[in-house]
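Visitor: The structure's right below; bear with me while I get my questions together.
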Amino acid sequence: MTLASAVRAHRLFCILLILLALTVFLGYLVIYSSYALALFRFPFDYDQGEGFELMDSLLFSRGQWPYRDNSSYPFYSSNYPPLFHLLIVPLIWLVGPQYWVGRLVSFLATLITAGTIGWVIHKRIGRPWLAALGGLAFLASNYVYHVGPLFRLHMTMVMFETVAIVTIGQAVANLPAANRGGAEQKRDRGAQDSRVSYWRDSLRLLPGLALLLAAGFTKQTAIVTCAAAFAFLFLRGPRRAIQLAVLFAAVAIGLFGAINLATGGQWWLNTIVANANPWLLEQAIGLYRQWFRLHTVLTLLAAGLVIYELYWQRLSIFAVWFIFSVAGSAMAGKWGAGESYFTTAIAASCILSGLGAGKLLNWTERRFPKGYAVLMPAIPILFLLQAQLVFHLPTHTSLGQAIAGLAGRPIEVMIAPQTSCSSPQPPRPVPYVDTAGQTLLGRPPTPADIAAGQRIAAYIQDADGPPLSEEAGFSFFAGADVVTNPTQLRNLFLNDELQMDELLAMINDQAFGVIIFRA
Amino acid sequence: MVTKRHLGLFLLTVGLTAIIAILISDMMGAGRHYGIGPVQQLALTAAALIAILGISLIPFGARPA
């Protein structure tokens, strides 16, 4: 074989590997999209809590606050900030209180997040296939697949976080003063520090900060990303960072205070006090282990770039965000929290993986051709390994079963149905395979699930009193009042902040027509 | 401008402060366990790692962080 033909064979090999990796990740996108479509058609809660987010959106669409007094009928309040629900209000005005509108918004938010990840990798590295793999790797995560198309606000927060971080990163990249070393800054101070250019540069950061604010008013946990952004800005220019932080805090506190005033203090009670849940070490460690096991390649690639930047380069906003978001994922140990708390860290690791791999490829291509020849096939192979780690697939179709067989996976797993007050039931075969292990999320709902929901809703329709339900979906379906947000009542009760006299009186008087337990 | 040395000293201070705070809180009876409990052990390890990371950054001197 001549050198020229060997080079051609190597190039062809690399192209085939890249195409294979892209095909696999596009396959995950197809699986994700079909799961989302199945959920759009499901008219009940798929994940406990979805119905309450629909209720929040419905209340906003009627011009009412969802931050209410839990001690009086219907004993309902929201524990989340308003932005996600406000985004859904126009859709509710158009089509009514339907589950699919919130699921669609959340699904689109994950697509925007993936697109943003791909865009920033392409902008800074310039290899479209790598940018595509970075973005698709986010959507291929088991966690994103599980919660992405749910009527839950978390992934919309991650979208705002990701777009905010990328916007701030791009703005800082265009600020000459923020990217100079210390000696250069001192030398240039006279020219640089015309006040006009200083404030003009600061103004360029405002869109990113507005997006951060949007993330925070979508879900409280975005505070970690806010801290990461200001830590990064501090590294690049302490004076500007402090000034912007004061401005940001003033706006955030002003909005917070205004909502609290408008709701007579219910905003503080329901979004802050009611979220002070105990932190469980075992839960946190279990979720950290699972996250690392499922995202090993992405996490190690990201960590490698963070270490390189920490010692031999300047820390980028993405590195600071990754550090903060991995540490902040410890909040997943809170009672009621879960895997979704890692999705911010996954978004950061996808960006860093793409940037790290791209920087290596670009550097070796210029300086070290032999290394480049090794890396070009190695990078898609690493992404293929990552694809193997996050394997998840509904297997109710013959195609799904064939793919599972080809991948050496089982075509069904045995899982016991979730029971709360009824007696435990033996495991049943579930046509869904997931490397995350046994999970209640991920299996597309079936017509049997819809029929089961309709049977429960029929109890509400036949009852002669309002339902006391731990899930709002059945009440929505039956056209009945949504009574209680059970986890909210639990949390307030444990914090000694719940007056239960009226609720207990109604229970003792058998005022409720039916009681439904679920959580 | 914040340098690698500044960042190293900051992390060292944070790590040491956290270690002292955890030990003092333990002496004052915080936590459900007698002695250093599992959460405190984890926090102590994290604080020690932050301090070590800070020390390792100090020799990198005036390079921008």
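As shown in the structure tokens, the chain order sets the letters A, B, ...; within each chain, residues go from 1, and ligands are also counted from 1 in the order they appear.
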Could you name the residues that touch stretch 474-487 of chain A at 7 Å or less, counting only C-alpha atoms, but leaving out those on the same chain fewer than 5 positions away, as an mmCIF file with C-alpha atoms, in the first residue's frame?
Guide:
```cif
data_model
loop_
_atom_site.group_PDB
_atom_site.id
_atom_site.type_symbol
_atom_site.label_atom_id
_atom_site.label_comp_id
_atom_site.auth_asym_id
_atom_site.auth_seq_id
_atom_site.Cartn_x
_atom_site.Cartn_y
_atom_site.Cartn_z
ATOM 1 C CA PHE A 44 -52.754 12.579 32.508
ATOM 2 C CA PHE A 52 -49.824 21.100 39.276
ATOM 3 C CA PRO A 74 -58.735 24.259 47.629
ATOM 4 C CA PHE A 75 -55.541 24.027 49.775
ATOM 5 C CA TYR A 76 -53.433 24.683 46.701
ATOM 6 C CA SER A 77 -50.281 26.643 46.020
ATOM 7 C CA GLY A 453 -56.499 7.072 33.890
ATOM 8 C CA ILE A 456 -59.809 6.748 37.890
ATOM 9 C CA ALA A 457 -61.267 9.983 36.484
ATOM 10 C CA ILE A 460 -64.311 11.648 40.350
ATOM 11 C CA GLN A 461 -67.131 12.198 37.850
ATOM 12 C CA PRO A 466 -64.797 17.410 45.218
ATOM 13 C CA PRO A 467 -61.811 15.056 44.854
ATOM 14 C CA LEU A 468 -58.878 15.102 47.264
ATOM 15 C CA SER A 469 -56.254 13.912 44.818
#
```
Visitor: Write down as a PyMOL selection string the residues belonging to stretch 130-214 of chain A that are assigned alpha helix (DSSP H) by DSSP computed on the backbone.
Guide: chain A and resi 130-140+142-147+154-173+182-187+189-192+195-204+206-214
Visitor: Report the closest atom pair, with its distance in Å rounded to one decimal, for each residue of chain B that has an atom no farther than 9 Å from chain A; count only C-alpha atoms, sort by chain and then rising residue number, and write it as a tab-separated table.
Guide:
```
residue	atom	partner	partner_atom	distance
B:Met1	CA	A:Gly182	CA	5.6
B:Val2	CA	A:Leu235	CA	5.3
B:Thr3	CA	A:Leu235	CA	8.1
B:Lys4	CA	A:Tyr311	CA	7.8
B:Leu7	CA	A:Leu235	CA	8.6
B:Pro38	CA	A:Leu281	CA	8.0
B:Val39	CA	A:Leu281	CA	6.7
B:Ser56	CA	A:Tyr311	CA	8.9
B:Leu57	CA	A:Tyr311	CA	7.0
B:Phe60	CA	A:Tyr311	CA	7.3
B:Ala62	CA	A:Gly182	CA	8.2
B:Arg63	CA	A:Gly181	CA	7.6
B:Pro64	CA	A:Arg314	CA	6.1
B:Ala65	CA	A:Arg314	CA	5.0
```
Visitor: Atom CA of A:Ile168 and atom CA of B:Gly8, how far apart in Å?
Guide: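 Taking atom CA of B:Gly8 and atom CA of A:Ile168, their separation equals 24.5 Å.
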Visitor: To one decimal in Å, tell me the separation between atom CA of A:Leu255 and atom CA of A:Ala332.
Guide: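 Those two atoms sit 26.7 Å apart.
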Visitor: As an exercise, work out the distance from atom CA of A:Val297 to atom CA of A:Trp335 in Å and give it to one decimal place.
Guide: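 It comes out at 28.8 Å.
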Visitor: Please determine, counting only C-alpha atoms, which residue among A:Trp321, A:Phe292, A:Phe84, A:Trp129 has the shortest atom-to-atom distance to A:Leu17.
Guide: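 For A:Leu17, the nearest of the given residues is A:Trp129.
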